[in-house]
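Asker: Contents of my_file_8.txt (compact mmCIF, C-alpha atoms and all ligand atoms) are given next:
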```
# COMPACT_ATOMS: atom_id res chain seq x y z
CA MET A 1 0.00 0.00 0.00
CA ARG A 2 1.50 3.29 -1.06
CA LEU A 3 1.13 6.47 0.92
CA GLU A 4 1.15 8.63 -2.20
CA ALA A 5 -1.73 6.63 -3.68
CA ILE A 6 -3.81 7.33 -0.58
CA ILE A 7 -2.88 11.01 -0.60
CA SER A 8 -3.90 11.47 -4.23
CA LEU A 9 -7.21 9.72 -3.56
CA ILE A 10 -8.16 12.04 -0.72
CA GLU A 11 -6.85 15.08 -2.60
CA GLU A 12 -9.29 14.25 -5.36
CA LYS A 13 -12.35 14.11 -3.07
CA PRO A 14 -13.35 13.20 0.50
CA ARG A 15 -13.26 9.46 1.04
CA THR A 16 -13.92 7.00 3.85
CA ALA A 17 -11.32 4.38 4.80
CA LYS A 18 -13.57 1.76 3.19
CA GLU A 19 -13.64 3.71 -0.07
CA ILE A 20 -9.83 3.92 -0.02
CA VAL A 21 -9.62 0.15 0.52
CA PHE A 22 -11.95 -0.33 -2.45
CA ALA A 23 -10.22 2.22 -4.71
CA LEU A 24 -6.82 0.61 -4.11
CA ASP A 25 -8.25 -2.87 -4.54
CA LEU A 26 -7.06 -3.96 -1.09
CA ASP A 27 -8.29 -6.74 1.14
CA PRO A 28 -11.21 -5.41 3.26
CA LYS A 29 -9.23 -6.46 6.33
CA MET A 30 -6.71 -3.75 5.44
CA GLU A 31 -9.02 -1.00 6.69
CA LYS A 32 -7.04 -0.75 9.93
CA GLU A 33 -3.81 -0.27 7.98
CA VAL A 34 -5.47 2.47 5.95
CA TYR A 35 -6.18 4.36 9.19
CA GLU A 36 -2.51 3.99 10.13
CA MET A 37 -1.45 5.26 6.70
CA LEU A 38 -3.78 8.23 7.05
CA LYS A 39 -1.97 9.19 10.24
CA LYS A 40 1.31 9.16 8.31
CA ALA A 41 -0.32 11.04 5.44
CA SER A 42 -1.31 13.76 7.88
CA LYS A 43 2.36 14.38 8.78
CA VAL A 44 3.52 14.27 5.16
CA LEU A 45 0.83 16.74 4.09
CA LYS A 46 1.76 19.09 6.90
CA ARG A 47 5.32 19.26 5.56
CA ARG A 48 3.85 20.20 2.17
CA GLY A 49 1.82 23.02 3.70
CA LYS A 50 -1.42 21.10 3.39
CA LYS A 51 -3.74 19.65 5.95
CA LEU A 52 -5.51 16.34 6.27
CA LEU A 53 -9.02 17.02 7.50
CA VAL A 54 -11.67 14.63 8.75
CA SER A 55 -15.39 15.13 8.53
CA PRO A 56 -16.79 13.27 11.52
CA ALA A 57 -18.67 10.00 11.40
CA VAL A 58 -22.40 10.65 11.76
CA CYS A 59 -25.26 8.48 12.97
CA LYS A 60 -27.69 8.25 10.06
CA LYS A 61 -30.60 7.70 12.41
CA CYS A 62 -30.30 10.57 14.90
CA GLY A 63 -27.50 12.77 13.48
CA PHE A 64 -25.09 12.23 16.38
CA GLU A 65 -21.52 13.26 15.47
CA PHE A 66 -18.82 10.92 16.70
CA GLU A 67 -15.38 11.90 17.95
CA SER A 68 -13.99 8.49 17.06
CA ILE A 69 -13.22 8.00 13.36
CA ASN A 70 -14.41 4.42 13.25
CA PRO A 71 -17.36 3.97 15.63
CA SER A 72 -19.55 0.90 15.50
CA ARG A 73 -22.60 2.02 17.44
CA CYS A 74 -24.35 5.27 18.31
CA PRO A 75 -24.22 6.06 22.06
CA ARG A 76 -27.39 8.15 21.82
CA CYS A 77 -29.81 5.94 19.89
CA LYS A 78 -27.83 2.64 19.78
CA SER A 79 -28.13 2.52 15.99
CA GLU A 80 -25.38 0.84 13.98
CA TRP A 81 -26.38 2.72 10.83
CA ILE A 82 -23.39 5.02 10.68
CA GLU A 83 -21.90 7.15 7.95
CA PRO A 84 -18.14 6.75 8.52
CA ALA A 85 -15.63 9.59 8.80
CA LYS A 86 -14.39 11.03 5.51
CA PHE A 87 -10.82 12.15 4.92
CA PHE A 88 -9.83 15.00 2.64
CA VAL A 89 -7.09 17.52 2.05
CA SER A 90 -7.20 21.25 2.57
CA LYS A 91 -4.98 23.23 0.23
CA ASP A 92 -3.91 25.98 2.60
ZN ZN B 101 -27.90 7.76 16.73
```
Please express what this file holds, its structure, as structure tokens.
Answerer:
Amino acid sequence: MRLEAIISLIEEKPRTAKEIVFALDLDPKMEKEVYEMLKKASKVLKRRGKKLLVSPAVCKKCGFEFESINPSRCPRCKSEWIEPAKFFVSKD
């Protein structure tokens, strides 16, 4: 898995870790590694004067916004219907 490939994907448009796994044709089990790579990407982008931003995961049932990037269940309504966090790059 290449860091640059992940960076160019999220520079193109906001993507979830799952979408990155799919776009790079990785094993679905690699999702955890993608999160690790995103942490590295954040540092690399900083050196380039860019910023990795995260739009929070949101409960699709009640609208609760999570602090965790990969939650499994809503603490407010207990729903597991969750829109995962999306990663993207800010140019400034
Ligand atoms: Zn909820």
Asker: Measuring between all atoms listed in the file, which one of A:Cys62, A:Val54, A:Phe22, A:Asp27 shows the shortest distance to Pro75 (chain A)?
Answerer: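 Result for the nearest residue to Pro75 (chain A): A:Cys62.
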Asker: Taking all atoms listed in the file into account, produce a table as a tab-separated table in which each residue of chain A with an atom at most 10 Å from an atom of ligand ZN 101 (chain B) appears once, together with its shortest atom pair and the distance in Å to one decimal, ordered by chain and rising number.
Answerer:
```
residue	atom	partner	partner_atom	distance
A:Val58	CA	B:ZN101	ZN	8.0
A:Cys59	CA	B:ZN101	ZN	4.7
A:Lys60	CA	B:ZN101	ZN	6.7
A:Lys61	CA	B:ZN101	ZN	5.1
A:Cys62	CA	B:ZN101	ZN	4.1
A:Gly63	CA	B:ZN101	ZN	6.0
A:Phe64	CA	B:ZN101	ZN	5.3
A:Glu65	CA	B:ZN101	ZN	8.5
A:Phe66	CA	B:ZN101	ZN	9.6
A:Arg73	CA	B:ZN101	ZN	7.8
A:Cys74	CA	B:ZN101	ZN	4.6
A:Pro75	CA	B:ZN101	ZN	6.7
A:Arg76	CA	B:ZN101	ZN	5.1
A:Cys77	CA	B:ZN101	ZN	4.1
A:Lys78	CA	B:ZN101	ZN	6.0
A:Ser79	CA	B:ZN101	ZN	5.3
A:Glu80	CA	B:ZN101	ZN	7.9
A:Trp81	CA	B:ZN101	ZN	7.9
A:Ile82	CA	B:ZN101	ZN	8.0
```
Asker: Give as a PDB file with C-alpha atoms, keeping the file's coordinate frame each residue that has an atom at most 7 Å from (-1.7, 3.5, 4.8) in the file, counting all atoms listed in the file.
Answerer:
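Contents of out.pdb, freshly written:
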```
ATOM      1  CA  MET A   1       0.000   0.000   0.000  1.00  0.00           C
ATOM      2  CA  ARG A   2       1.500   3.290  -1.060  1.00  0.00           C
ATOM      3  CA  LEU A   3       1.130   6.470   0.920  1.00  0.00           C
ATOM      4  CA  ILE A   6      -3.810   7.330  -0.580  1.00  0.00           C
ATOM      5  CA  GLU A  33      -3.810  -0.270   7.980  1.00  0.00           C
ATOM      6  CA  VAL A  34      -5.470   2.470   5.950  1.00  0.00           C
ATOM      7  CA  TYR A  35      -6.180   4.360   9.190  1.00  0.00           C
ATOM      8  CA  GLU A  36      -2.510   3.990  10.130  1.00  0.00           C
ATOM      9  CA  MET A  37      -1.450   5.260   6.700  1.00  0.00           C
ATOM     10  CA  LEU A  38      -3.780   8.230   7.050  1.00  0.00           C
TER      11      LEU A  38
END
```
Asker: Using all atoms listed in the file - which residues lie no farther than 9 Å from the point (-9.2, 2.8, 1.6) in the file's frame? Write them as a PyMOL selection string.
Answerer: chain A and resi 6+9+15-26+28+30-31+33-35
Asker: Which distance in Å separates CA of Lys13 (chain A) and CA of Lys43 (chain A), to one decimal?
Answerer: 18.9 Å
Asker: Quick one: distance from CA of Glu4 (chain A) to CA of Lys51 (chain A) in Å, one decimal?
Answerer: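 Computing it gives 14.6 Å between the two atoms.
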Asker: Return as AutoDock Vina command-line options the box centre and box size in Å, one decimal, for an axis-aligned box around all listed atoms of region 7-13 of chain A padded by 3 Å per side.
Answerer:
```
--center_x -7.6 --center_y 12.4 --center_z -3.0 --size_x 15.5 --size_y 11.4 --size_z 10.8
```
Asker: If I take CA of Glu11 (chain A) and CA of Lys32 (chain A), how far is one from the other in Å, to one decimal?
Answerer: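 The value is 20.2 Å.
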Asker: Need the shell around Leu52 (chain A): protein/DNA/RNA residues with any atom at most 10 Å away, counting only C-alpha atoms. Skip same-chain ones fewer than 3 positions apart. Format as a list in words?
Answerer: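 In the requested form, the answer reads Ile7, Ile10, Glu11, Leu38, Lys39, Ala41, Ser42, Lys43, Val44, Leu45, Lys46, Phe87, Phe88, Val89, Ser90 and Lys91 of chain A.
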